[in-house]
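Everything below concerns the one structure shown next.
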Amino acid sequence: MRVALWTPAPVAAWAPALVAELGRELEIVLVSTEAGAPAAADLDLYHVMGSPAHGFVYRALLRRPGIVLLGEWGLHALVHAETAGRGEPLVYRREARRAHGDTGDFVARQVLAGLGGALTALVAMNQRVLDQSLALVTLTEELRARAAPLLAGRSVLLLPLDQLAAPAAARALLGLVRETARGAEAQRALLAVRAAQERSPLGSALAELRWSARALGLAELPAGAESAVASLFGSRP
């Protein structure tokens with residue numbers, strides 16, 4: 001199996017050791033720049049943190065879902081750099097509202113007006129990354145506890161940073177890679193359908209409900225909610 005590991009930190013203490021261990025069982029391609037993107041791998045492992053240096057990793061994840069190695073909860077700086085920072089303030093506002101509803105929209109408007117300041121701490125802006133995750137690896141227990149309820153039906157693996165280079169961590173990650181690969185194509189297809197739906201009027205209405213559900217700690221809308229909303233639009237969810 002060919003696995004691409006996307007990270008802007010290829011010489012970090014954990015990366016070479018992890019690649020070496022995984023390389024015993026898998027073909028590992030290390031991608032440290034956008035220009036180094038390989039031919040399609042069977043599965044992608046994305047190292048995501050809030051720094052804009054992870055922008056090429058973020059863009060690759062949006063194109064093709066994979067396993068996310070999440071280093072921190074707050075991704076506002078990354079998402080801002082990839083939207084407003086690239087001349088797309090409306091996309092930034094849409095992402096903020098998608099993730100955080102009215103609060104996100106308010107904070108985004110303040111940021112765009114140069115008045116964001118400490119308000120950015122209110123918006124983690126990680127929902128898109130979580131949505132694109134076929135499975136999740138977290139570096140702390142706090143991240144695992146916060147993310148797991150939002151990833152219904154998907155695996156969440158805790159691998160502390162100080163253990164990431166250890167053979168045991170590589171074995172745990174190898175198990176996750178093999179488990180995820182079995183259903184990867186079906187899960188990618190499902191996410192593609194949802195992305196297409198999100199661009200429709202029905203999708204916009206459901207997005208408004210989803211952020212409200214997340215605010216209540218729900219990973220998904222209650223059973224029957226999508227069908228009920230779809231009936232108002234004369235369509236099926």
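Chain labels follow the order of the structure tokens: the first chain is A, the next B, and so on; residue numbering restarts at 1 in every chain, and ligands are counted from 1 in their shown order.
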**Message:** Let's see if you can do this: from backbone DSSP, list all helix (DSSP H, G or I) residues in segment 63-234 of chain A, as a PyMOL selection string.
**Reply:** chain A and resi 63+76-82+84-86+89-112+117-122+127-131+141-150+161-163+167-182+184-198+201-215+225-232
Write the residues you've just listed into a file as a compact mmCIF listing (two decimals), in the first residue's frame, and include C-alpha atoms for each of them.
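Heads up, here's the output in out-v8.txt:
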# COMPACT_ATOMS: atom_id res chain seq x y z
CA ARG A 63 -9.09 17.96 -2.49
CA HIS A 76 -8.04 29.98 12.61
CA ALA A 77 -4.69 31.36 11.41
CA LEU A 78 -4.41 28.57 8.84
CA VAL A 79 -7.94 28.97 7.47
CA HIS A 80 -7.66 32.76 7.42
CA ALA A 81 -4.42 32.54 5.45
CA GLU A 82 -6.01 30.11 2.98
CA ALA A 84 -8.91 35.97 3.21
CA GLY A 85 -5.14 35.79 2.94
CA ARG A 86 -5.55 34.66 -0.67
CA PRO A 89 -12.79 37.31 2.26
CA LEU A 90 -16.25 35.97 1.42
CA VAL A 91 -14.93 32.42 1.54
CA TYR A 92 -13.41 33.20 4.93
CA ARG A 93 -16.75 34.48 6.21
CA ARG A 94 -18.55 31.45 4.80
CA GLU A 95 -16.11 29.07 6.48
CA ALA A 96 -16.45 30.93 9.79
CA ARG A 97 -20.23 30.75 9.65
CA ARG A 98 -20.18 27.12 8.55
CA ALA A 99 -18.11 26.18 11.59
CA HIS A 100 -19.46 28.56 14.23
CA GLY A 101 -22.73 30.06 13.03
CA ASP A 102 -23.60 33.59 14.10
CA THR A 103 -20.55 33.81 16.37
CA GLY A 104 -18.26 32.84 13.51
CA ASP A 105 -19.85 35.34 11.17
CA PHE A 106 -19.47 38.12 13.74
CA VAL A 107 -15.83 37.29 14.47
CA ALA A 108 -15.01 37.05 10.76
CA ARG A 109 -16.47 40.49 10.09
CA GLN A 110 -14.43 41.94 12.94
CA VAL A 111 -11.26 40.29 11.67
CA LEU A 112 -11.82 41.59 8.15
CA GLY A 117 -7.81 40.76 18.28
CA ALA A 118 -8.60 38.23 20.99
CA LEU A 119 -11.93 37.37 19.32
CA THR A 120 -10.21 34.81 17.10
CA ALA A 121 -9.84 32.57 20.17
CA LEU A 122 -13.62 32.05 19.97
CA GLN A 127 -14.77 21.89 11.23
CA ARG A 128 -13.74 21.56 7.59
CA VAL A 129 -10.63 19.61 8.59
CA LEU A 130 -12.64 17.31 10.85
CA ASP A 131 -15.23 16.79 8.12
CA GLU A 141 -5.81 13.49 25.23
CA GLU A 142 -7.50 16.91 25.30
CA LEU A 143 -7.66 16.94 21.49
CA ARG A 144 -8.97 13.37 21.42
CA ALA A 145 -11.70 14.17 23.96
CA ARG A 146 -12.82 17.26 22.04
CA ALA A 147 -12.73 15.72 18.58
CA ALA A 148 -14.13 12.23 19.16
CA PRO A 149 -17.78 13.31 19.75
CA LEU A 150 -17.69 15.23 16.44
CA LEU A 161 3.91 13.58 20.48
CA ASP A 162 6.68 12.27 22.73
CA GLN A 163 5.75 8.72 21.70
CA PRO A 167 7.77 1.51 17.25
CA ALA A 168 4.56 0.99 19.24
CA ALA A 169 3.10 4.21 17.83
CA ALA A 170 3.99 3.15 14.30
CA ARG A 171 2.24 -0.20 14.85
CA ALA A 172 -0.89 1.55 16.14
CA LEU A 173 -0.86 3.93 13.19
CA LEU A 174 -0.29 1.06 10.77
CA GLY A 175 -3.40 -0.62 12.14
CA LEU A 176 -5.40 2.57 11.67
CA VAL A 177 -4.11 2.99 8.09
CA ARG A 178 -5.14 -0.54 7.16
CA GLU A 179 -8.54 -0.21 8.82
CA THR A 180 -9.23 3.15 7.14
CA ALA A 181 -8.03 2.04 3.71
CA ARG A 182 -10.69 -0.66 3.55
CA ALA A 184 -11.70 4.89 2.10
CA GLU A 185 -13.23 4.99 -1.37
CA ALA A 186 -16.79 4.66 -0.10
CA GLN A 187 -16.19 7.35 2.52
CA ARG A 188 -14.63 9.72 -0.03
CA ALA A 189 -17.65 9.21 -2.30
CA LEU A 190 -20.02 10.01 0.57
CA LEU A 191 -18.09 13.19 1.38
CA ALA A 192 -18.18 14.22 -2.29
CA VAL A 193 -21.97 13.85 -2.32
CA ARG A 194 -22.25 15.95 0.83
CA ALA A 195 -19.97 18.63 -0.66
CA ALA A 196 -22.14 18.84 -3.76
CA GLN A 197 -25.26 19.02 -1.62
CA GLU A 198 -23.75 21.79 0.49
CA PRO A 201 -30.14 25.84 -1.24
CA LEU A 202 -31.04 22.70 0.71
CA GLY A 203 -27.39 22.30 1.67
CA SER A 204 -27.23 25.86 2.94
CA ALA A 205 -30.25 25.24 5.15
CA LEU A 206 -28.78 22.02 6.50
CA ALA A 207 -25.46 23.76 7.17
CA GLU A 208 -27.28 26.26 9.37
CA LEU A 209 -28.78 23.40 11.35
CA ARG A 210 -25.49 21.49 11.57
CA TRP A 211 -23.60 24.25 13.30
CA SER A 212 -26.45 24.55 15.78
CA ALA A 213 -26.24 20.78 16.38
CA ARG A 214 -22.48 21.00 16.91
CA ALA A 215 -23.00 23.80 19.41
CA ALA A 225 -34.07 16.17 10.53
CA GLU A 226 -32.60 16.12 7.01
CA SER A 227 -35.72 14.51 5.55
CA ALA A 228 -37.93 17.05 7.27
CA VAL A 229 -35.92 19.98 5.89
CA ALA A 230 -35.68 18.39 2.44
CA SER A 231 -39.47 18.12 2.29
CA LEU A 232 -39.66 21.89 2.57
**Prompt:** Can you list, as a VMD selection string, every protein, DNA or RNA residue that comes within 7 Å of Val57 of chain A when you count only C-alpha atoms, leaving out same-chain residues fewer than 3 positions away?
**Reply:** chain A and resid 6 to 7 46 48 54 60 to 61
**Request:** Have a look at atom CA of Ala41 of chain A and atom CA of Val29 of chain A and let me know their distance in Å, one decimal.
**Result:** 8.4 Å
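Among the candidate residues A:Leu221, A:Leu69, A:Met125, A:Leu62, the one lying nearest to Leu159 of chain A is A:Leu69, with distances computed using only C-alpha atoms.
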**Request:** Go through A:Leu218, A:Val156, A:Ala166, A:Ala135 and flag the residue nearest Val68 of chain A, using only C-alpha atoms for the distances.
**Result:**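 Counting only C-alpha atoms, the residue closest to Val68 of chain A is A:Ala135.
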**Atomic separation - atom CA of Glu21 of chain A relative to atom CA of Arg2 of chain A, Å** = 14.2 Å
**Asked** Looking at A:Asn126, A:Thr138, A:Ala4, A:Ala219, which one is nearest to Leu151 of chain A, with distances taken over only C-alpha atoms?
**Response**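 Using only C-alpha atoms, Leu151 of chain A sits closest to A:Ala219.
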**Message:** Using DSSP assignments from the backbone, pull out every residue in segment 93-157 of chain A that falls under strand (DSSP E or B) and give it to me as a ChimeraX atom specification.
**Reply:** /A:133-138,156-157
Can I get the selection written as a PDB file, in the first residue's frame, with N, CA and C atoms?
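Wrote again.pdb, looks like this:
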ATOM      1  N   SER A 133     -11.769  14.372   7.440  1.00  0.00           N
ATOM      2  CA  SER A 133     -10.973  13.307   8.037  1.00  0.00           C
ATOM      3  C   SER A 133     -11.657  11.953   7.874  1.00  0.00           C
ATOM      4  N   LEU A 134     -10.968  11.009   7.252  1.00  0.00           N
ATOM      5  CA  LEU A 134     -11.470   9.640   7.216  1.00  0.00           C
ATOM      6  C   LEU A 134     -11.249   8.977   8.567  1.00  0.00           C
ATOM      7  N   ALA A 135     -10.214   9.421   9.267  1.00  0.00           N
ATOM      8  CA  ALA A 135      -9.910   9.006  10.636  1.00  0.00           C
ATOM      9  C   ALA A 135      -9.018  10.099  11.203  1.00  0.00           C
ATOM     10  N   LEU A 136      -8.849  10.091  12.514  1.00  0.00           N
ATOM     11  CA  LEU A 136      -8.108  11.176  13.154  1.00  0.00           C
ATOM     12  C   LEU A 136      -7.077  10.617  14.125  1.00  0.00           C
ATOM     13  N   VAL A 137      -5.889  11.212  14.093  1.00  0.00           N
ATOM     14  CA  VAL A 137      -4.851  10.930  15.076  1.00  0.00           C
ATOM     15  C   VAL A 137      -4.614  12.218  15.846  1.00  0.00           C
ATOM     16  N   THR A 138      -4.703  12.179  17.169  1.00  0.00           N
ATOM     17  CA  THR A 138      -4.480  13.367  17.978  1.00  0.00           C
ATOM     18  C   THR A 138      -3.221  13.189  18.811  1.00  0.00           C
ATOM     19  N   VAL A 156     -10.679   7.483  16.096  1.00  0.00           N
ATOM     20  CA  VAL A 156      -9.838   8.538  16.659  1.00  0.00           C
ATOM     21  C   VAL A 156      -8.762   7.859  17.506  1.00  0.00           C
ATOM     22  N   LEU A 157      -7.512   8.075  17.137  1.00  0.00           N
ATOM     23  CA  LEU A 157      -6.383   7.421  17.792  1.00  0.00           C
ATOM     24  C   LEU A 157      -5.526   8.461  18.500  1.00  0.00           C
TER      25      LEU A 157
END
